[in-house]
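Taking it in order: structure first as structure tokens, then the write-up.
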Amino acid sequence: MPRPLVLGLIAAAALALTYLLVWPLLRPSESTGPFSARVLRAVDGDTLLVRLASGERERVRVIGVDTPEDVAPGRPVQCWSRRAAAFTQRTLAGRVVRLVPGRERHDRYGRLLAYVRRADGLDLEVELLRGGFARTLAIAPNVDRAVRYATLEIEARRAGRGLWGACPAAAEWAAGR
């Protein structure tokens, strides 16, 4: 193979590799600070589909909380899951939110991990926990608010709010973190 052709192939491969390594760092969801997005819909109580300013769609997993499952393939719908999903849908759908990415930006499913705030200051995680729609879920390194969230969960449990008063197996579910 002629030397110029080999050098050209090496340069093309280096350029392609650089693109593959750098492009993800340039995406809006990879910004180091908070950014805005419009919520298209709630997939379930703790997962959103949003549209970024770039027009790109992104799946967002809300940090610090876990709501009962209703869309997990092969698993039964859990008690209070549809109410948690409906709450998140009613609270956020169509609205612009502020996403604050976690230290770990994505989970193993490729979803952006972020704290979610409405423009009026409503904190989705706090409202899910206060209303008894969710349990806390602390996964390092995204544990900045874990103590506060645990306190809110305990208050909701003691008051029997949401799933804590309606679902007989809630304590077992919460213990299965």
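Just so we're on the same page: first chain in the structure tokens is A, next is B, and so on; residues restart at 1 for each chain, and ligands are numbered from 1 in the order they show up.
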Near range 47-63 of chain A, counting only C-alpha atoms, which residues have an atom at most 6 Å away, once you skip same-chain residues fewer than 6 positions from it, shown as a list of chain:residue names?
-> A:Ala37, A:Arg38, A:Val39, A:Leu40, A:Arg41, A:Arg111, A:Leu112, A:Leu113, A:Ala114, A:Tyr115
Shell of 7 Å around range 155-166 of chain A, only C-alpha atoms, local chain residues under 6 positions omitted, as JSON, numbers by chain = {"A": [80, 129, 130, 131, 132, 133]}
When DSSP works through the backbone of this structure, what residues of range 28-162 of chain A end up as strand (DSSP E), shown as a count of residues only?
-> 46
Which residue, A:Pro34, A:Pro141, A:Asp120, A:Ala42, has the smallest gap to Val100 in chain A when you use only C-alpha atoms?
->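 Counting only C-alpha atoms, the residue closest to Val100 in chain A is A:Pro34.
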Which of A:Arg117, A:Arg148, A:Arg108, A:Arg103 sits closest to Thr88 in chain A [using only C-alpha atoms] = A:Arg117
Tell me which protein, DNA and RNA residues are within 9 Å of Phe87 in chain A, counting only C-alpha atoms, leaving out same-chain ones fewer than 4 positions away, and put them as a ChimeraX atom specification.
-> /A:45,82-83,91-92,128,133
Write the residues of the preceding selection, restricted to N, CA, C and O atoms, as a PDB file, in the first residue's frame.
ATOM      1  N   GLY A  45     -43.359   7.481  36.942  1.00  0.00           N
ATOM      2  CA  GLY A  45     -43.224   8.489  37.986  1.00  0.00           C
ATOM      3  C   GLY A  45     -41.859   9.126  38.118  1.00  0.00           C
ATOM      4  O   GLY A  45     -41.742  10.256  38.575  1.00  0.00           O
ATOM      5  N   ARG A  82     -49.321   3.805  38.898  1.00  0.00           N
ATOM      6  CA  ARG A  82     -50.066   4.641  37.941  1.00  0.00           C
ATOM      7  C   ARG A  82     -50.370   6.013  38.535  1.00  0.00           C
ATOM      8  O   ARG A  82     -50.380   7.013  37.821  1.00  0.00           O
ATOM      9  N   ARG A  83     -50.579   6.054  39.839  1.00  0.00           N
ATOM     10  CA  ARG A  83     -50.823   7.351  40.487  1.00  0.00           C
ATOM     11  C   ARG A  83     -49.550   8.192  40.497  1.00  0.00           C
ATOM     12  O   ARG A  83     -49.594   9.400  40.298  1.00  0.00           O
ATOM     13  N   THR A  91     -47.931  17.220  36.766  1.00  0.00           N
ATOM     14  CA  THR A  91     -47.065  18.255  37.332  1.00  0.00           C
ATOM     15  C   THR A  91     -46.114  18.866  36.306  1.00  0.00           C
ATOM     16  O   THR A  91     -45.795  20.053  36.385  1.00  0.00           O
ATOM     17  N   LEU A  92     -45.682  18.045  35.313  1.00  0.00           N
ATOM     18  CA  LEU A  92     -44.614  18.522  34.422  1.00  0.00           C
ATOM     19  C   LEU A  92     -44.917  18.553  32.926  1.00  0.00           C
ATOM     20  O   LEU A  92     -44.261  19.305  32.198  1.00  0.00           O
ATOM     21  N   LEU A 128     -42.715  14.341  45.072  1.00  0.00           N
ATOM     22  CA  LEU A 128     -42.964  12.900  44.997  1.00  0.00           C
ATOM     23  C   LEU A 128     -42.832  12.250  46.369  1.00  0.00           C
ATOM     24  O   LEU A 128     -43.654  11.408  46.755  1.00  0.00           O
ATOM     25  N   PHE A 133     -45.557   9.289  46.814  1.00  0.00           N
ATOM     26  CA  PHE A 133     -45.524   8.672  45.492  1.00  0.00           C
ATOM     27  C   PHE A 133     -44.229   7.908  45.249  1.00  0.00           C
ATOM     28  O   PHE A 133     -44.106   7.196  44.255  1.00  0.00           O
TER      29      PHE A 133
END
Per DSSP on the backbone, what are the helix (DSSP H, G or I) residues of range 16-165 of chain A, as a PyMOL selection string?
-> chain A and resi 16-26+28-30+81-92+124-130+146-159+163-165
What is the distance, in Å and to one decimal place, between CA of Val126 in chain A and CA of Val43 in chain A?
-> 18.7 Å
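CA of Tyr149 in chain A lies 7.9 Å from CA of Glu125 in chain A.
For the atom pair formed by CA of Pro68 in chain A and CA of Phe35 in chain A, the distance is 27.4 Å, given to one decimal.
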